[in-house]
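File shown: data01.csv. Contents: CSV, C-alpha atoms and all ligand atoms.
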```
chain,number,residue,atom,x,y,z
A,12,MET,CA,29.5,87.6,40.3
A,13,LEU,CA,30.8,85.9,43.4
A,14,ALA,CA,30.5,88.0,46.6
A,15,ASP,CA,33.6,89.9,47.7
A,16,SER,CA,34.0,88.1,51.0
A,17,ALA,CA,36.0,85.2,52.5
A,18,TYR,CA,38.8,84.0,50.2
A,19,SER,CA,38.3,86.8,47.6
A,20,LYS,CA,42.0,87.6,47.6
A,21,GLU,CA,42.9,83.9,47.1
A,22,ARG,CA,40.3,83.5,44.4
A,23,GLU,CA,41.4,86.5,42.4
A,24,ILE,CA,45.2,85.8,42.7
A,25,ALA,CA,44.6,82.1,41.7
A,26,LEU,CA,42.5,83.3,38.8
A,27,GLN,CA,45.1,85.7,37.5
A,28,ALA,CA,47.9,83.1,37.9
A,29,THR,CA,46.0,80.6,35.9
A,30,ILE,CA,45.1,83.1,33.2
A,31,VAL,CA,48.8,84.0,32.8
A,32,ALA,CA,49.7,80.3,32.7
A,33,SER,CA,47.0,79.7,30.1
A,34,GLU,CA,48.5,82.4,27.8
A,35,PHE,CA,51.9,80.8,28.3
A,36,CYS,CA,50.7,77.2,27.5
A,37,GLU,CA,48.8,78.4,24.4
A,38,LYS,CA,51.8,80.3,23.1
A,39,VAL,CA,54.1,77.2,23.5
A,40,ARG,CA,51.5,75.0,21.9
A,41,GLN,CA,51.1,77.3,18.8
A,42,ASP,CA,54.8,77.5,18.3
A,43,GLN,CA,56.0,74.1,19.1
A,44,ALA,CA,53.5,71.6,18.0
A,45,SER,CA,53.9,70.6,21.6
A,46,GLN,CA,57.0,68.4,21.7
A,47,ALA,CA,56.8,66.0,24.7
A,48,PHE,CA,59.6,64.7,26.9
A,49,ALA,CA,59.4,61.5,29.0
A,50,LYS,CA,59.5,61.7,32.8
A,51,PRO,CA,61.1,58.8,34.7
A,52,ASP,CA,57.7,57.1,35.0
A,53,GLN,CA,57.4,57.5,31.2
A,54,SER,CA,54.5,59.9,31.4
A,55,PRO,CA,54.8,62.9,29.0
A,56,VAL,CA,55.8,66.4,30.1
A,57,THR,CA,56.3,69.5,28.0
A,58,VAL,CA,58.0,72.9,28.2
A,59,ALA,CA,54.6,74.3,29.0
A,60,ASP,CA,54.1,72.1,32.1
A,61,TYR,CA,57.3,73.4,33.7
A,62,GLY,CA,56.8,77.0,32.6
A,63,ALA,CA,53.2,77.1,33.9
A,64,GLN,CA,54.3,75.5,37.3
A,65,ALA,CA,57.1,78.1,37.6
A,66,LEU,CA,54.8,81.0,36.9
A,67,ILE,CA,52.1,79.8,39.3
A,68,CYS,CA,54.3,78.8,42.2
A,69,HIS,CA,56.3,82.1,42.0
A,70,THR,CA,53.0,84.1,42.1
A,71,LEU,CA,51.7,82.0,45.1
A,72,LYS,CA,54.9,82.3,47.0
A,73,THR,CA,55.1,86.0,46.4
A,74,ARG,CA,51.5,86.8,47.4
A,75,PHE,CA,51.1,84.1,50.1
A,76,PRO,CA,54.6,83.6,51.5
A,77,GLN,CA,53.2,81.6,54.5
A,78,ASP,CA,51.4,79.0,52.4
A,79,ALA,CA,52.7,75.6,51.4
A,80,VAL,CA,52.5,74.8,47.6
A,81,VAL,CA,52.3,71.2,46.3
A,82,GLY,CA,52.8,71.0,42.5
A,83,GLU,CA,52.9,68.0,40.2
A,84,GLU,CA,56.3,68.7,38.6
A,85,ASP,CA,59.7,68.1,40.1
A,86,PRO,CA,62.7,70.4,39.5
A,87,LEU,CA,65.0,67.4,39.9
A,88,VAL,CA,63.6,65.9,36.7
A,89,LEU,CA,63.9,69.3,34.8
A,90,SER,CA,67.5,69.7,35.9
A,91,SER,CA,68.5,66.1,34.9
A,92,PRO,CA,71.0,65.6,32.0
A,93,GLY,CA,68.4,64.3,29.6
A,94,MET,CA,66.2,67.4,30.1
A,95,GLN,CA,68.8,70.2,29.2
A,96,SER,CA,67.0,71.0,26.0
A,97,CYS,CA,63.7,71.3,27.8
A,98,LEU,CA,65.1,73.6,30.5
A,99,SER,CA,66.7,75.9,27.9
A,100,GLN,CA,63.4,76.1,26.0
A,101,VAL,CA,61.5,76.8,29.2
A,102,THR,CA,64.0,79.6,29.9
A,103,ASN,CA,63.8,81.1,26.4
A,104,TYR,CA,60.0,81.1,26.6
A,105,LEU,CA,59.7,82.5,30.1
A,106,GLN,CA,62.0,85.4,29.3
A,107,ALA,CA,59.1,86.8,27.2
A,108,TRP,CA,57.0,86.7,30.4
A,109,VAL,CA,59.6,87.7,33.0
A,110,GLU,CA,62.5,89.7,31.6
A,111,GLY,CA,65.9,88.3,32.3
A,112,VAL,CA,64.8,85.2,34.2
A,113,SER,CA,67.5,82.6,34.5
A,114,SER,CA,67.4,78.8,34.3
A,115,GLN,CA,68.4,78.6,37.9
A,116,GLN,CA,65.5,80.9,38.9
A,117,ILE,CA,63.1,78.7,36.9
A,118,LEU,CA,64.3,75.6,38.7
A,119,ASP,CA,63.8,77.4,42.0
A,120,TRP,CA,60.3,78.5,41.1
A,121,VAL,CA,59.3,75.0,39.9
A,122,GLY,CA,60.8,73.8,43.2
A,123,GLN,CA,58.6,76.2,45.2
A,124,GLY,CA,55.9,73.6,44.5
A,125,GLN,CA,57.7,70.9,46.5
A,126,ASP,CA,56.3,71.6,49.9
A,127,HIS,CA,54.6,69.1,52.1
A,128,THR,CA,50.8,69.0,52.4
A,129,GLY,CA,49.6,70.4,55.8
A,130,GLN,CA,46.7,72.3,57.5
A,131,ARG,CA,46.6,74.9,54.7
A,132,PHE,CA,48.2,74.4,51.3
A,133,TRP,CA,47.8,75.0,47.6
A,134,THR,CA,47.9,72.2,45.1
A,135,VAL,CA,48.8,72.9,41.5
A,136,ASP,CA,48.5,70.9,38.3
A,137,PRO,CA,50.2,73.1,35.7
A,138,ILE,CA,48.8,71.0,32.9
A,139,ASP,CA,46.3,68.3,33.6
A,140,GLY,CA,45.8,66.2,30.5
A,141,THR,CA,49.3,66.6,29.0
A,142,LYS,CA,48.4,64.0,26.5
A,143,GLY,CA,45.4,66.1,25.4
A,144,TYR,CA,47.6,69.2,25.2
A,145,VAL,CA,50.1,67.4,23.0
A,146,ARG,CA,47.3,66.0,20.8
A,147,GLY,CA,45.8,69.4,20.3
A,148,ASP,CA,42.7,68.7,22.4
A,149,GLN,CA,41.5,69.8,25.9
A,150,TYR,CA,43.7,70.3,28.9
A,151,ALA,CA,43.4,72.2,32.2
A,152,ILE,CA,45.5,74.3,34.5
A,153,ALA,CA,44.3,73.6,38.0
A,154,LEU,CA,44.9,75.4,41.3
A,155,ALA,CA,43.1,74.7,44.6
A,156,LEU,CA,43.5,75.8,48.2
A,157,ILE,CA,43.0,73.1,50.8
A,158,GLU,CA,42.4,73.7,54.5
A,159,ASP,CA,41.9,70.9,57.0
A,160,GLY,CA,41.4,68.3,54.2
A,161,LEU,CA,38.6,70.4,52.5
A,162,VAL,CA,39.0,72.3,49.3
A,163,GLN,CA,38.1,75.9,49.9
A,164,VAL,CA,39.0,77.6,46.6
A,165,GLY,CA,39.3,76.0,43.2
A,166,VAL,CA,40.2,77.4,39.8
A,167,VAL,CA,40.3,75.3,36.6
A,168,ALA,CA,41.5,77.1,33.4
A,169,CYS,CA,40.6,75.4,30.2
A,170,PRO,CA,42.3,77.5,27.5
A,171,ALA,CA,40.9,75.4,24.6
A,172,LEU,CA,37.4,74.8,25.8
A,173,PRO,CA,34.6,76.8,24.0
A,174,VAL,CA,32.2,78.8,26.1
A,175,GLN,CA,29.5,76.3,25.0
A,176,PHE,CA,30.6,72.8,23.9
A,177,GLY,CA,29.7,72.3,20.2
A,178,HIS,CA,28.2,75.8,19.9
A,179,GLN,CA,31.2,78.1,19.6
A,180,PRO,CA,30.5,81.0,17.3
A,181,GLN,CA,33.4,81.2,14.8
A,182,THR,CA,34.1,84.8,15.8
A,183,GLN,CA,34.9,84.0,19.5
A,184,SER,CA,38.1,82.3,20.4
A,185,PRO,CA,37.8,79.5,23.0
A,186,GLY,CA,39.0,79.5,26.6
A,187,VAL,CA,37.2,79.5,29.9
A,188,VAL,CA,38.0,79.5,33.6
A,189,PHE,CA,35.8,77.7,36.1
A,190,MET,CA,36.1,78.8,39.7
A,191,ALA,CA,34.5,78.4,43.0
A,192,VAL,CA,34.8,79.3,46.7
A,193,ARG,CA,33.2,77.0,49.3
A,194,GLY,CA,29.7,78.3,50.2
A,195,GLN,CA,29.8,81.1,47.5
A,196,GLY,CA,28.7,79.3,44.3
A,197,ALA,CA,30.7,78.6,41.1
A,198,GLU,CA,31.1,80.7,38.0
A,199,MET,CA,32.7,80.5,34.6
A,200,LEU,CA,34.8,83.3,33.0
A,201,SER,CA,35.2,83.6,29.2
A,202,LEU,CA,38.8,84.4,28.4
A,203,ALA,CA,37.8,86.1,25.2
A,204,SER,CA,35.1,88.4,26.5
A,205,GLY,CA,35.8,88.6,30.3
A,206,LYS,CA,32.2,87.8,30.9
A,207,ARG,CA,31.4,85.9,34.1
A,208,SER,CA,28.4,83.6,34.4
A,209,PRO,CA,27.1,81.5,37.3
A,210,LEU,CA,27.3,77.7,36.9
A,211,ALA,CA,24.5,75.2,37.5
A,212,VAL,CA,24.3,71.5,36.9
A,213,ASN,CA,21.7,69.9,34.7
A,214,PRO,CA,18.6,69.1,36.8
A,215,ILE,CA,18.1,65.7,35.1
A,216,SER,CA,17.4,62.9,37.6
A,217,THR,CA,16.3,60.1,35.3
A,218,PRO,CA,19.2,57.8,34.7
A,219,GLN,CA,17.9,56.9,31.2
A,220,GLY,CA,18.6,60.4,29.8
A,221,PHE,CA,21.9,61.3,31.5
A,222,GLN,CA,25.1,62.2,29.6
A,223,LEU,CA,28.3,60.3,30.6
A,224,ILE,CA,31.6,62.1,30.1
A,225,GLU,CA,34.9,60.1,30.2
A,226,SER,CA,38.6,60.4,29.4
A,227,VAL,CA,39.9,60.3,25.9
A,228,GLU,CA,42.7,58.1,27.0
A,229,ARG,CA,40.9,54.7,27.5
A,230,ASP,CA,43.7,53.2,29.6
A,231,HIS,CA,43.2,56.0,32.2
A,232,GLY,CA,40.0,54.3,33.2
A,233,THR,CA,38.0,51.1,32.8
A,234,PRO,CA,35.4,52.2,30.3
A,235,GLU,CA,33.9,48.7,29.5
A,236,TRP,CA,33.4,48.1,33.2
A,237,GLN,CA,31.9,51.5,33.7
A,238,TYR,CA,29.4,51.0,30.8
A,239,ARG,CA,28.3,47.7,32.3
A,240,VAL,CA,27.7,49.3,35.7
A,241,ILE,CA,25.5,52.1,34.3
A,242,GLN,CA,23.7,50.1,31.7
A,243,SER,CA,21.8,48.5,34.6
A,244,LEU,CA,20.4,52.0,35.2
A,245,GLY,CA,19.1,52.2,31.6
A,246,TRP,CA,21.9,54.5,30.4
A,247,GLN,CA,21.6,55.1,26.6
A,248,LEU,CA,23.4,58.2,25.2
A,249,PRO,CA,26.9,57.7,23.8
A,250,PRO,CA,29.6,59.2,26.1
A,251,LEU,CA,31.2,62.6,25.6
A,252,ARG,CA,35.0,62.3,25.7
A,253,MET,CA,37.3,65.0,27.0
A,254,ASP,CA,40.8,65.1,28.5
A,255,SER,CA,41.6,66.6,32.0
A,256,LEU,CA,39.7,68.3,34.8
A,257,ALA,CA,37.7,70.1,32.1
A,258,LYS,CA,35.2,67.2,32.6
A,259,TYR,CA,34.2,68.6,36.0
A,260,GLY,CA,33.5,72.0,34.3
A,261,ALA,CA,31.4,70.3,31.7
A,262,ILE,CA,29.2,68.7,34.4
A,263,ALA,CA,29.1,72.0,36.4
A,264,ARG,CA,27.7,73.9,33.4
A,265,GLY,CA,25.1,71.2,32.6
A,266,GLU,CA,26.7,69.7,29.4
A,267,ALA,CA,27.2,66.3,31.1
A,268,ASP,CA,25.8,64.5,34.1
A,269,LEU,CA,28.3,61.9,35.2
A,270,TYR,CA,32.0,61.2,35.3
A,271,LEU,CA,33.3,57.9,36.6
A,272,ARG,CA,36.8,56.9,37.4
A,273,LEU,CA,36.2,53.4,38.7
A,274,PRO,CA,39.2,51.3,39.6
A,275,THR,CA,38.7,47.6,39.2
A,276,GLY,CA,40.8,44.4,38.9
A,277,ASN,CA,44.5,45.4,38.7
A,278,SER,CA,43.8,49.1,39.2
A,279,LEU,CA,41.9,48.7,42.5
A,280,GLN,CA,44.9,49.7,44.5
A,281,ARG,CA,45.5,52.9,42.4
A,282,ARG,CA,45.0,56.1,44.3
A,283,GLU,CA,44.3,59.4,42.5
A,284,ASN,CA,46.6,62.5,42.8
A,285,ILE,CA,45.0,65.4,44.8
A,286,TRP,CA,45.9,67.9,42.0
A,287,ASP,CA,44.0,65.9,39.4
A,288,HIS,CA,40.7,66.5,41.3
A,289,ALA,CA,40.7,69.1,44.0
A,290,ALA,CA,39.9,72.2,41.9
A,291,GLY,CA,37.3,70.4,39.8
A,292,VAL,CA,35.6,68.9,42.9
A,293,ILE,CA,34.8,72.3,44.5
A,294,VAL,CA,33.7,73.8,41.1
A,295,LEU,CA,31.2,70.9,40.7
A,296,GLU,CA,30.0,70.9,44.3
A,297,GLU,CA,29.4,74.6,44.2
A,298,ALA,CA,27.4,74.3,41.0
A,299,GLY,CA,25.1,71.9,42.7
A,300,GLY,CA,26.8,68.6,41.9
A,301,LYS,CA,28.2,65.8,44.1
A,302,VAL,CA,31.6,64.0,44.2
A,303,THR,CA,32.4,60.9,46.2
A,304,ASP,CA,34.5,57.8,45.8
A,305,GLN,CA,33.0,54.7,44.3
A,306,ARG,CA,31.8,53.5,47.8
A,307,GLY,CA,30.1,56.9,48.4
A,308,LYS,CA,32.8,58.2,50.8
A,309,PRO,CA,33.5,62.0,50.6
A,310,LEU,CA,37.0,62.7,49.2
A,311,ASN,CA,39.6,63.4,52.0
A,312,PHE,CA,42.3,65.8,50.8
A,313,ALA,CA,44.2,65.4,54.2
A,314,CYS,CA,46.1,62.3,53.3
A,315,GLY,CA,49.2,63.6,51.5
A,316,THR,CA,49.5,63.9,47.7
A,317,LYS,CA,47.2,61.0,47.0
A,318,LEU,CA,43.5,60.4,47.9
A,319,GLN,CA,44.7,57.5,50.0
A,320,GLU,CA,41.4,56.8,51.7
A,321,ASN,CA,39.3,56.9,48.5
A,322,GLU,CA,38.7,54.3,45.9
A,323,GLY,CA,38.0,55.9,42.5
A,324,ILE,CA,35.8,58.9,41.7
A,325,VAL,CA,32.1,59.4,41.1
A,326,ALA,CA,31.3,63.0,40.0
A,327,SER,CA,27.7,63.8,39.0
A,328,ASN,CA,25.0,66.4,38.7
A,329,GLY,CA,24.0,65.3,42.2
A,330,HIS,CA,20.5,64.3,41.2
A,331,ILE,CA,21.5,60.9,39.9
A,332,HIS,CA,24.3,60.3,42.4
A,333,GLN,CA,22.6,57.9,44.8
A,334,ALA,CA,21.2,55.7,42.0
A,335,VAL,CA,24.7,55.5,40.4
A,336,LEU,CA,26.3,54.6,43.8
A,337,GLU,CA,23.7,51.8,44.2
A,338,ALA,CA,24.5,50.5,40.7
A,339,ILE,CA,28.2,50.5,41.5
A,340,GLY,CA,27.6,48.8,44.9
A,341,ASP,CA,25.5,46.0,43.2
A,342,SER,CA,28.2,45.5,40.5
A,343,LEU,CA,31.0,45.4,43.1
A,344,GLN,CA,29.1,42.8,45.0
A,345,LYS,CA,28.5,40.6,42.0
A,346,SER,CA,32.2,40.8,40.9
A,347,THR,CA,33.5,39.5,44.2
A,401,LIG,P1,42.2,62.4,32.0
A,401,LIG,O1,42.4,63.2,30.8
A,401,LIG,O2,40.9,62.6,32.7
A,401,LIG,O3,42.5,60.9,31.7
A,401,LIG,O4,43.2,62.8,33.1
A,401,LIG,C1,44.6,63.0,33.0
A,401,LIG,C2,45.2,62.4,34.2
A,401,LIG,O5,45.2,61.0,34.2
A,401,LIG,C3,46.6,62.8,34.4
A,401,LIG,O6,46.8,63.8,35.3
A,401,LIG,C4,47.3,61.6,35.0
A,401,LIG,O7,47.7,61.8,36.3
A,401,LIG,C5,46.2,60.5,35.0
A,401,LIG,N1,46.6,59.2,34.6
A,401,LIG,C6,47.8,58.9,33.9
A,401,LIG,N2,47.8,57.5,33.8
A,401,LIG,C7,46.7,57.0,34.3
A,401,LIG,C8,46.2,55.7,34.5
A,401,LIG,N3,46.9,54.6,34.0
A,401,LIG,N4,45.1,55.5,35.2
A,401,LIG,C9,44.4,56.6,35.6
A,401,LIG,N5,44.8,57.9,35.5
A,401,LIG,C10,46.0,58.1,34.9
A,402,MG,MG,47.2,65.8,36.1
```

Here is a file; write its structure as structure tokens.
Amino acid sequence: MLADSAYSKEREIALQATIVASEFCEKVRQDQASQAFAKPDQSPVTVADYGAQALICHTLKTRFPQDAVVGEEDPLVLSSPGMQSCLSQVTNYLQAWVEGVSSQQILDWVGQGQDHTGQRFWTVDPIDGTKGYVRGDQYAIALALIEDGLVQVGVVACPALPVQFGHQPQTQSPGVVFMAVRGQGAEMLSLASGKRSPLAVNPISTPQGFQLIESVERDHGTPEWQYRVIQSLGWQLPPLRMDSLAKYGAIARGEADLYLRLPTGNSLQRRENIWDHAAGVIVLEEAGGKVTDQRGKPLNFACGTKLQENEGIVASNGHIHQAVLEAIGDSLQKST
């Protein structure tokens, strides 16, 4: 178990908040077959995204009133005329968690995640991988504490992820939480048994045998370009595919070795959202892995809600990182 030291209060409150949010998201998914609404940018959002953000932000603001909170979801979207049915469903559901809670309170709680980033702040992705959630696949609830541009605490709850990918005994229901505090290691909690176990990356260092993990949604990345880049290293195994920040957990526990999000061509200007990565980055780093951008720069979480200074993401078991960066460098050079 992680030592009871710096950030232990933050870690435990974040853990409890994501566990409650996980139960909420799973309940909504079981009942609803996960109906999705469209946000103004046409990306999908569900009753569970808003309910989970409301629960997490309310907990953080109650327990850490001085801290800023930056969440993905916007209460102005939830209160818009086209979302009335969504808001009333969020309210009905949340009343089973918080007796008598009103729609206005829920909008206020979702809005507690609208602070600006600063010296110390939390970032929340109430459901990362909403498309996976709606499809009945993987998704994650992610919460990270950032100080001076560095992630200090990260919690990634994956309510549908088995304790061991592909080896889940029929008797144990899935659900794990990955968590880490800087300098204190990373661990995984089984939601079914409550058992905590330390996380460690796969020690593999030969590029020929490494396991790539990638998004299920092919248009979230540039898979063909990524395959070409790592084929030069002798990469052979077919990729694992998984939605959301759960990919960081899969590398942290040694089931995969490399996750690439390499922008190229038209996507080169795209910058990643901080909440899509922060919690996963510290889990992987504390399990012995490494995360940089595609040029090898460390991720800088002090540039607002986007990773403005970073081009793409390279997350690995650490041992193959340098070789992968060199292969990317060569490919970038050839393509210009
Ligand atoms: P994943 O399941 O790893 O693809 O991650 C889901 C995340 O992909 C969501 O949080 C979105 O913010 C992000 N996303 C949505 N559209 C795109 C896109 N066109 N390119 C890259 N990422 C995207
Ligand atoms: Mg997300």

Exercise. Write out as JSON, numbers by chain each polymer residue whose atoms come within 9 Å of Val56 in chain A, counting all atoms listed in the file; drop sequence neighbours fewer than 2 positions from it.
Key: {"A": [46, 47, 48, 49, 50, 54, 58, 59, 60, 61, 84, 138, 141, 142]}

Quiz item: A:Gly232, A:Pro249, A:Gly82, A:Gly186: which is nearest ligand MG 402 (chain A), counting only C-alpha atoms and all ligand atoms?
Solution: A:Gly82

Quiz item: ligand MG 402 (chain A): which residues are within 12 Å, counting only C-alpha atoms and all ligand atoms, as a PyMOL selection string?
Solution: chain A and resi 54-56+60+82-84+134-144+150-154+167+231+254-257+283-291+316-317

Quiz prompt | Residues near Gln222 in chain A, cut-off 12 Å, all atoms listed in the file, skip fewer than 6 positions along chain, as JSON, numbers by chain | solution = {"A": [212, 213, 214, 215, 216, 241, 245, 246, 247, 248, 249, 250, 251, 252, 258, 261, 262, 265, 266, 267, 268, 269, 270, 271, 327, 328, 331]}

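Counting from CA of Lys20 in chain A, the distance to CA of Gly165 in chain A is 12.7 Å.
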
Quiz prompt | Between CA of Gln106 in chain A and CA of Ser91 in chain A, distance in Å (one decimal) | solution =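 A separation of 21.1 Å between them.
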
Quiz item: Nearest to ligand LIG 401 (chain A) among A:Gln53, A:Thr102, A:Gln41, A:Gln242, with distances taken over only C-alpha atoms and all ligand atoms: which residue is it?
Solution: A:Gln53

Self-check item: For CA of Gly315 in chain A and CA of His127 in chain A, the interatomic separation in Å (one decimal)
Solution: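 Rounded to one decimal, the two atoms are 7.7 Å apart.
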
Quiz item: Skipping near chain neighbours, those fewer than 6 positions away, what residues fall within 6 Å of range 196-200 of chain A using only C-alpha atoms, listed as a PyMOL selection string?
Solution: chain A and resi 187-190+206-210+294+297-298

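If you measure from each of A:Cys68, A:Leu89, A:Ala28, A:Val240 to Gly340 in chain A using all atoms listed in the file, the closest one turns out to be A:Val240.
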